[in-house]
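target-v9.cif (mmCIF, C-alpha atoms)
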```cif
data_protein
#
loop_
_atom_site.label_atom_id
_atom_site.label_comp_id
_atom_site.auth_asym_id
_atom_site.auth_seq_id
_atom_site.Cartn_x
_atom_site.Cartn_y
_atom_site.Cartn_z
CA MET A 1 -16.48 6.14 -8.73
CA ARG A 2 -19.13 3.42 -8.63
CA ARG A 3 -16.43 0.82 -8.01
CA LEU A 4 -15.05 2.91 -5.15
CA ILE A 5 -18.47 3.29 -3.52
CA GLU A 6 -19.12 -0.45 -3.82
CA SER A 7 -15.76 -1.25 -2.23
CA LEU A 8 -16.40 1.12 0.68
CA ALA A 9 -19.91 -0.28 1.10
CA TYR A 10 -18.33 -3.73 1.45
CA LEU A 11 -16.28 -2.52 4.44
CA PRO A 12 -18.88 -3.27 7.20
CA TYR A 13 -19.12 -6.92 6.11
CA LEU A 14 -15.34 -7.23 6.02
CA VAL A 15 -14.94 -5.67 9.46
CA PHE A 16 -17.41 -8.08 11.07
CA HIS A 17 -16.47 -11.15 9.00
CA PRO A 18 -12.73 -10.69 8.43
CA PHE A 19 -11.78 -14.15 7.17
CA ASP A 20 -14.60 -14.37 4.63
CA GLY A 21 -14.35 -10.67 3.92
CA PHE A 22 -10.66 -10.65 3.10
CA TYR A 23 -11.05 -13.83 1.06
CA GLU A 24 -13.72 -12.15 -1.06
CA ALA A 25 -11.61 -9.00 -1.35
CA ARG A 26 -8.50 -10.94 -2.35
CA PHE A 27 -9.86 -13.62 -4.65
CA ARG A 28 -13.20 -12.25 -5.86
CA GLY A 29 -12.40 -8.58 -6.30
CA LYS A 30 -14.71 -7.18 -3.61
CA GLY A 31 -12.02 -4.80 -2.36
CA SER A 32 -10.12 -2.11 -4.26
CA VAL A 33 -6.87 -0.20 -3.98
CA ARG A 34 -8.78 3.08 -4.28
CA ALA A 35 -10.95 2.29 -1.27
CA ALA A 36 -7.84 1.24 0.66
CA THR A 37 -6.18 4.54 -0.24
CA VAL A 38 -9.22 6.47 0.99
CA LEU A 39 -8.95 4.69 4.34
CA PHE A 40 -5.19 5.31 4.43
CA PHE A 41 -5.71 9.06 4.04
CA LEU A 42 -8.63 9.06 6.47
CA TYR A 43 -6.36 7.49 9.08
CA GLY A 44 -3.83 10.27 8.58
CA ILE A 45 -6.57 12.90 8.79
CA ILE A 46 -7.99 11.38 11.99
CA GLN A 47 -4.58 11.95 13.62
CA ILE A 48 -4.98 15.66 12.93
CA PHE A 49 -8.61 15.66 14.07
CA THR A 50 -7.82 13.81 17.30
CA ALA A 51 -4.86 16.04 18.20
CA GLN A 52 -6.77 19.26 17.63
CA TYR A 53 -10.27 18.45 18.84
CA THR A 54 -9.88 16.03 21.75
CA GLY A 55 -11.52 17.53 24.85
CA PHE A 56 -9.28 19.52 27.18
CA ILE A 57 -9.61 16.94 29.97
CA ASP A 58 -7.59 14.45 27.92
CA ASN A 59 -5.66 16.72 25.57
CA TYR A 60 -2.20 17.65 26.84
CA ARG A 61 -0.86 18.91 23.54
CA ARG A 62 0.09 22.53 22.97
CA LEU A 63 -2.32 23.29 20.15
CA TYR A 64 -0.39 26.32 18.90
CA ASP A 65 2.64 24.08 18.25
CA LEU A 66 0.80 21.45 16.21
CA GLU A 67 1.69 20.95 12.56
CA SER A 68 -0.94 19.22 10.44
CA THR A 69 1.66 17.69 8.10
CA GLU A 70 3.61 16.19 11.01
CA LEU A 71 0.43 14.79 12.55
CA PHE A 72 -0.64 13.24 9.24
CA LEU A 73 2.78 11.67 8.70
CA SER A 74 2.88 10.38 12.28
CA GLY A 75 -0.05 8.15 11.35
CA ALA A 76 0.68 7.45 7.70
CA LEU A 77 4.39 6.64 7.79
CA PRO A 78 4.22 3.74 10.32
CA VAL A 79 1.44 2.17 8.25
CA ALA A 80 3.46 2.55 5.04
CA LEU A 81 6.54 1.15 6.78
CA PHE A 82 4.53 -1.88 7.90
CA PHE A 83 3.17 -2.95 4.52
CA ILE A 84 6.53 -2.36 2.82
CA SER A 85 8.33 -4.42 5.48
CA ASN A 86 5.71 -7.16 5.40
CA TYR A 87 5.95 -7.44 1.62
CA ALA A 88 9.74 -7.70 1.81
CA VAL A 89 9.59 -10.40 4.49
CA THR A 90 6.76 -12.50 3.08
CA THR A 91 8.37 -12.53 -0.36
CA LEU A 92 11.20 -14.48 1.27
CA MET A 93 8.83 -16.61 3.33
CA SER A 94 6.74 -17.92 0.42
CA GLY A 95 3.78 -15.67 1.13
CA ASN A 96 1.20 -15.57 -1.66
CA GLY A 97 0.06 -12.01 -1.05
CA ARG A 98 0.92 -9.42 -3.66
CA PHE A 99 1.95 -5.90 -2.68
CA ARG A 100 -1.52 -4.58 -3.48
CA ASP A 101 -3.09 -7.31 -1.31
CA ILE A 102 -0.93 -6.40 1.70
CA TYR A 103 -1.68 -2.72 1.11
CA MET A 104 -5.42 -3.41 0.99
CA VAL A 105 -5.38 -5.60 4.10
CA THR A 106 -3.41 -3.04 6.09
CA CYS A 107 -5.57 -0.10 5.05
CA TYR A 108 -8.90 -1.92 5.45
CA SER A 109 -7.79 -3.02 8.93
CA LEU A 110 -7.45 0.65 9.91
CA ALA A 111 -11.25 1.05 9.87
CA PRO A 112 -11.73 0.41 13.64
CA LEU A 113 -8.96 2.89 14.50
CA ILE A 114 -10.62 5.52 12.31
CA ILE A 115 -14.11 4.91 13.71
CA PHE A 116 -13.14 4.68 17.37
CA GLY A 117 -10.66 7.53 17.04
CA PHE A 118 -13.42 9.78 15.70
CA LEU A 119 -15.96 8.64 18.32
CA SER A 120 -13.55 9.01 21.24
CA THR A 121 -12.61 12.51 20.09
CA VAL A 122 -16.24 13.59 19.89
CA ILE A 123 -17.16 11.93 23.19
CA SER A 124 -14.14 13.48 24.98
CA ASN A 125 -15.80 16.87 24.66
CA ALA A 126 -18.81 15.71 26.67
CA LEU A 127 -17.09 13.83 29.52
CA ILE A 128 -15.87 14.79 32.93
CA ILE A 129 -12.50 13.67 34.24
CA GLU A 130 -13.98 10.76 36.22
CA GLU A 131 -15.28 9.29 32.98
CA LEU A 132 -11.90 9.15 31.20
CA PRO A 133 -11.78 5.32 31.41
CA ILE A 134 -14.51 5.35 28.76
CA LEU A 135 -12.06 6.93 26.32
CA THR A 136 -9.38 4.41 27.28
CA ALA A 137 -11.84 1.58 26.62
CA PHE A 138 -12.72 3.05 23.20
CA TYR A 139 -9.04 3.31 22.33
CA TRP A 140 -8.24 -0.31 23.24
CA ILE A 141 -11.33 -1.68 21.51
CA GLY A 142 -10.16 -0.02 18.31
CA VAL A 143 -6.57 -1.27 18.73
CA VAL A 144 -7.56 -4.88 19.46
CA TRP A 145 -10.05 -4.92 16.59
CA PHE A 146 -7.43 -3.48 14.25
CA LEU A 147 -4.86 -6.11 15.25
CA PHE A 148 -7.38 -8.92 14.80
CA LEU A 149 -8.38 -7.70 11.33
CA LEU A 150 -4.74 -7.30 10.33
CA PHE A 151 -3.84 -10.77 11.57
CA ALA A 152 -6.83 -12.38 9.85
CA GLY A 153 -6.25 -10.52 6.61
CA LEU A 154 -2.58 -11.44 6.39
CA CYS A 155 -3.42 -15.08 7.10
CA VAL A 156 -5.86 -15.06 4.21
CA VAL A 157 -3.82 -13.24 1.55
CA HIS A 158 -0.57 -15.08 2.31
CA GLU A 159 -2.37 -18.39 2.92
CA TYR A 160 -0.45 -18.79 6.17
CA THR A 161 -1.31 -20.78 9.27
CA ALA A 162 -1.45 -18.82 12.53
CA PRO A 163 2.11 -19.80 13.63
CA GLN A 164 3.49 -18.91 10.19
CA ASN A 165 1.74 -15.54 10.31
CA ILE A 166 3.08 -14.80 13.79
CA ALA A 167 6.62 -15.63 12.61
CA ALA A 168 6.16 -13.38 9.57
CA LEU A 169 4.90 -10.51 11.75
CA LEU A 170 7.88 -10.81 14.07
CA CYS A 171 10.20 -10.75 11.07
CA THR A 172 8.26 -7.75 9.74
CA ILE A 173 9.03 -5.83 12.94
CA VAL A 174 12.73 -6.67 12.58
CA ALA A 175 12.67 -5.62 8.92
CA ALA A 176 10.96 -2.34 9.84
CA VAL A 177 13.67 -1.57 12.41
CA ILE A 178 16.37 -2.31 9.81
CA ILE A 179 14.66 -0.06 7.25
CA LEU A 180 14.42 2.75 9.82
CA PHE A 181 18.10 2.37 10.71
CA LEU A 182 19.21 2.38 7.07
CA SER A 183 16.96 5.34 6.28
CA ALA A 184 18.39 7.32 9.21
CA LEU A 185 21.91 6.40 8.10
CA LEU A 186 21.19 7.46 4.52
CA LEU A 187 19.68 10.79 5.61
CA THR A 188 22.67 11.46 7.86
CA LEU A 189 25.10 10.73 5.01
CA MET A 190 23.12 12.95 2.65
CA ASP A 191 23.15 15.75 5.21
CA LYS A 192 26.93 15.41 5.62
CA LEU A 193 27.40 15.35 1.84
CA ILE A 194 25.27 18.45 1.34
CA SER A 195 27.19 20.24 4.12
CA PHE A 196 30.49 19.25 2.49
CA PHE A 197 29.53 20.61 -0.91
CA ASP A 198 28.10 23.74 0.71
CA VAL A 199 31.42 24.43 2.49
CA LEU A 200 33.32 23.59 -0.70
CA PHE A 201 31.21 26.03 -2.70
CA VAL A 202 31.78 28.80 -0.13
CA GLU A 203 35.55 28.19 -0.14
CA ILE A 204 35.75 28.27 -3.95
CA SER A 205 33.66 31.46 -4.03
CA LYS A 206 36.01 33.14 -1.53
CA ARG A 207 39.12 32.13 -3.46
CA ARG A 208 37.73 33.56 -6.68
CA ARG A 209 37.25 36.88 -4.99
#
```
Encoded form using structure tokens:
Amino acid sequence: MRRLIESLAYLPYLVFHPFDGFYEARFRGKGSVRAATVLFFLYGIIQIFTAQYTGFIDNYRRLYDLESTELFLSGALPVALFFISNYAVTTLMSGNGRFRDIYMVTCYSLAPLIIFGFLSTVISNALIIEELPILTAFYWIGVVWFLFLLFAGLCVVHEYTAPQNIAALLCTIVAAVIILFLSALLLTLMDKLISFFDVLFVEISKRRR
């Protein structure tokens, strides 16, 4: 628990000094997988919080149709897909980052999205419609900060130059699309297989009667 608290306490320094911060986390043990996992789950939870508690002036969702599990997965799965795809790509591109390093970088980089997502949700309940650009500004500040942290962190852990990191990120996107396609194909085949055996079972049951 003490190690977890120390790792989370290190987060403000890392957020404001990403290159030094990720270097210390990667090579001097300032970060931890547990702290990264806490941030990963917080990001999923903030999706639920944002969907349910954003002020009515900027919330067009039908609240009675919301499913907490779906909202959590809508945030968590893309993040998981990213660090899996990045690990697969950088392994082939001589990246020095281990899986745990990529996981930590990705999850630590989510901090601005968590903070600004929470703040924008709270603020949305105190704004009028003419002040909606404030929420848009909060959203884009969080996104840009997240992307910068992610880029800096991956440069550090893989020991890439900026062009190498950009190439790796582009390949990561391609790999993610391929993984999604193969996953959809596999699920479709499994569904067809289950349907086949279900029909087969029904036919055999009828013949026995």
Practice problem: Please identify all polymer residues within 9 Å of A:Gly142, counting all atoms listed in the file, omitting same-chain residues fewer than 6 positions from it, and present them as a count of residues only. | Solution: 8
Self-check item: Counting all atoms listed in the file, the residue of A:Ala9, A:Val156, A:Phe118, A:Asp198 that sits nearest A:Phe49
Solution: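 The answer is A:Phe118, which sits nearest to A:Phe49.
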Quiz item: For the atom pair atom CA of A:Leu182 and atom CA of A:Ile45, what is the interatomic distance in Å to one decimal place?
Solution: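 Computed distance, atom CA of A:Leu182 to atom CA of A:Ile45, equals 27.9 Å.
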Practice problem: Can you pull out every residue within 9 Å of stretch 176-180 of chain A, counting all atoms listed in the file, but drop anything in the same chain fewer than 6 positions away, and send it as a list in words? | Solution: Leu81, Phe82, Ile84, Ser85 and Asn86 of chain A
Practice problem: Can you work out the spacing between atom CA of A:Leu4 and atom CA of A:Arg34 in Å, to one decimal? | Solution: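 Result for atom CA of A:Leu4 versus atom CA of A:Arg34: 6.3 Å, one decimal.
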Quiz prompt | Contact residues around A:Asn125 with only C-alpha atoms at 9 Å, ignoring same-chain residues under 6 positions, as JSON, numbers by chain | solution = {"A": [53, 54, 55, 56, 57]}
Quiz item: Residues around (-7.6, 4.3, 3.9), cut-off 12 Å, counting all atoms listed in the file - what are they as a count of residues only?
Solution: 37
Practice problem: Write out as a VMD selection string which residues come within 9 Å of A:Thr69 when counting only C-alpha atoms, dropping same-chain ones fewer than 4 positions away. | Solution: chain A and resid 48 73 to 74
Quiz prompt | Interatomic distance, atom CA of A:His158 to atom CA of A:Ser183 (Å, one decimal) | solution =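 For atom CA of A:His158 relative to atom CA of A:Ser183, the distance reads 27.2 Å.
Residue membership of the PyMOL selection byres ((chain A and resi 13) around 12) in the shown file amounts to Glu6, Ser7, Leu8, Ala9, Tyr10, Leu11, Pro12, Leu14, Val15, Phe16, His17, Pro18, Phe19, Asp20, Gly21, Phe22, Tyr23, Glu24, Ala25, Lys30, Gly31, Tyr108, Ala111 and Leu149 of chain A.
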Self-check item: Residue among A:Leu147, A:Cys171, A:Ile134, A:Ala51 lying closest to A:Thr91, counting only C-alpha atoms
Solution: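 For A:Thr91, the nearest of the candidates is A:Cys171.
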Quiz prompt | Best match for closeness to A:Ala162 among A:Phe148, A:Ala126, A:Pro78, A:Ile204, counting only C-alpha atoms | solution =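 Smallest separation from A:Ala162 among the options: A:Phe148.
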Practice problem: Could you tell me which of A:Ser205, A:Thr90, A:Ile141, A:Glu67 comes closest to A:Ile166 if we count only C-alpha atoms? | Solution: A:Thr90
If you take every atom of stretch 142-159 of chain A that the file lists and fit an axis-aligned box around them with 6 Å extra on each side, what centre and edge lengths come out in Å to one decimal, as lines of an AutoDock Vina configuration file?
```
center_x = -5.4
center_y = -9.2
center_z = 10.5
size_x = 21.6
size_y = 30.4
size_z = 29.9
```
If I only want stretch 82-99 of chain A, can you write it with N, CA and C atoms, as a CSV table (one decimal), in the first residue's frame?
```csv
chain,number,residue,atom,x,y,z
A,82,PHE,N,-4.9,-0.4,-27.3
A,82,PHE,CA,-3.7,0.4,-27.7
A,82,PHE,C,-2.4,-0.2,-27.2
A,83,PHE,N,-2.4,-0.5,-25.9
A,83,PHE,CA,-1.1,-0.9,-25.3
A,83,PHE,C,-0.7,-2.3,-25.8
A,84,ILE,N,-1.7,-3.2,-26.1
A,84,ILE,CA,-1.4,-4.5,-26.7
A,84,ILE,C,-0.9,-4.3,-28.1
A,85,SER,N,-1.5,-3.4,-28.9
A,85,SER,CA,-1.1,-3.2,-30.3
A,85,SER,C,0.3,-2.6,-30.3
A,86,ASN,N,0.5,-1.6,-29.4
A,86,ASN,CA,1.8,-1.0,-29.4
A,86,ASN,C,3.0,-1.9,-29.0
A,87,TYR,N,2.7,-2.8,-28.1
A,87,TYR,CA,3.7,-3.8,-27.7
A,87,TYR,C,4.0,-4.8,-28.9
A,88,ALA,N,2.9,-5.2,-29.6
A,88,ALA,CA,3.1,-6.1,-30.7
A,88,ALA,C,4.0,-5.4,-31.8
A,89,VAL,N,3.7,-4.1,-32.1
A,89,VAL,CA,4.4,-3.4,-33.1
A,89,VAL,C,5.9,-3.1,-32.7
A,90,THR,N,6.0,-2.6,-31.5
A,90,THR,CA,7.4,-2.1,-31.1
A,90,THR,C,8.3,-3.3,-30.9
A,91,THR,N,7.8,-4.5,-30.6
A,91,THR,CA,8.6,-5.7,-30.5
A,91,THR,C,9.3,-6.0,-31.8
A,92,LEU,N,8.6,-5.7,-32.9
A,92,LEU,CA,9.1,-5.9,-34.3
A,92,LEU,C,10.0,-4.7,-34.7
A,93,MET,N,9.8,-3.6,-34.0
A,93,MET,CA,10.6,-2.4,-34.4
A,93,MET,C,11.7,-2.0,-33.5
A,94,SER,N,12.2,-3.0,-32.8
A,94,SER,CA,13.3,-2.8,-31.9
A,94,SER,C,13.1,-1.8,-30.8
A,95,GLY,N,11.8,-1.8,-30.3
A,95,GLY,CA,11.6,-0.9,-29.1
A,95,GLY,C,12.1,-1.6,-27.9
A,96,ASN,N,12.5,-0.8,-26.9
A,96,ASN,CA,13.1,-1.3,-25.7
A,96,ASN,C,12.1,-1.4,-24.6
A,97,GLY,N,10.9,-0.9,-24.8
A,97,GLY,CA,9.9,-1.0,-23.7
A,97,GLY,C,9.3,-2.3,-23.5
A,98,ARG,N,9.2,-2.7,-22.3
A,98,ARG,CA,8.6,-4.0,-21.9
A,98,ARG,C,7.1,-3.8,-21.9
A,99,PHE,N,6.3,-4.9,-21.8
A,99,PHE,CA,4.8,-4.7,-21.8
A,99,PHE,C,4.4,-3.9,-20.6
```
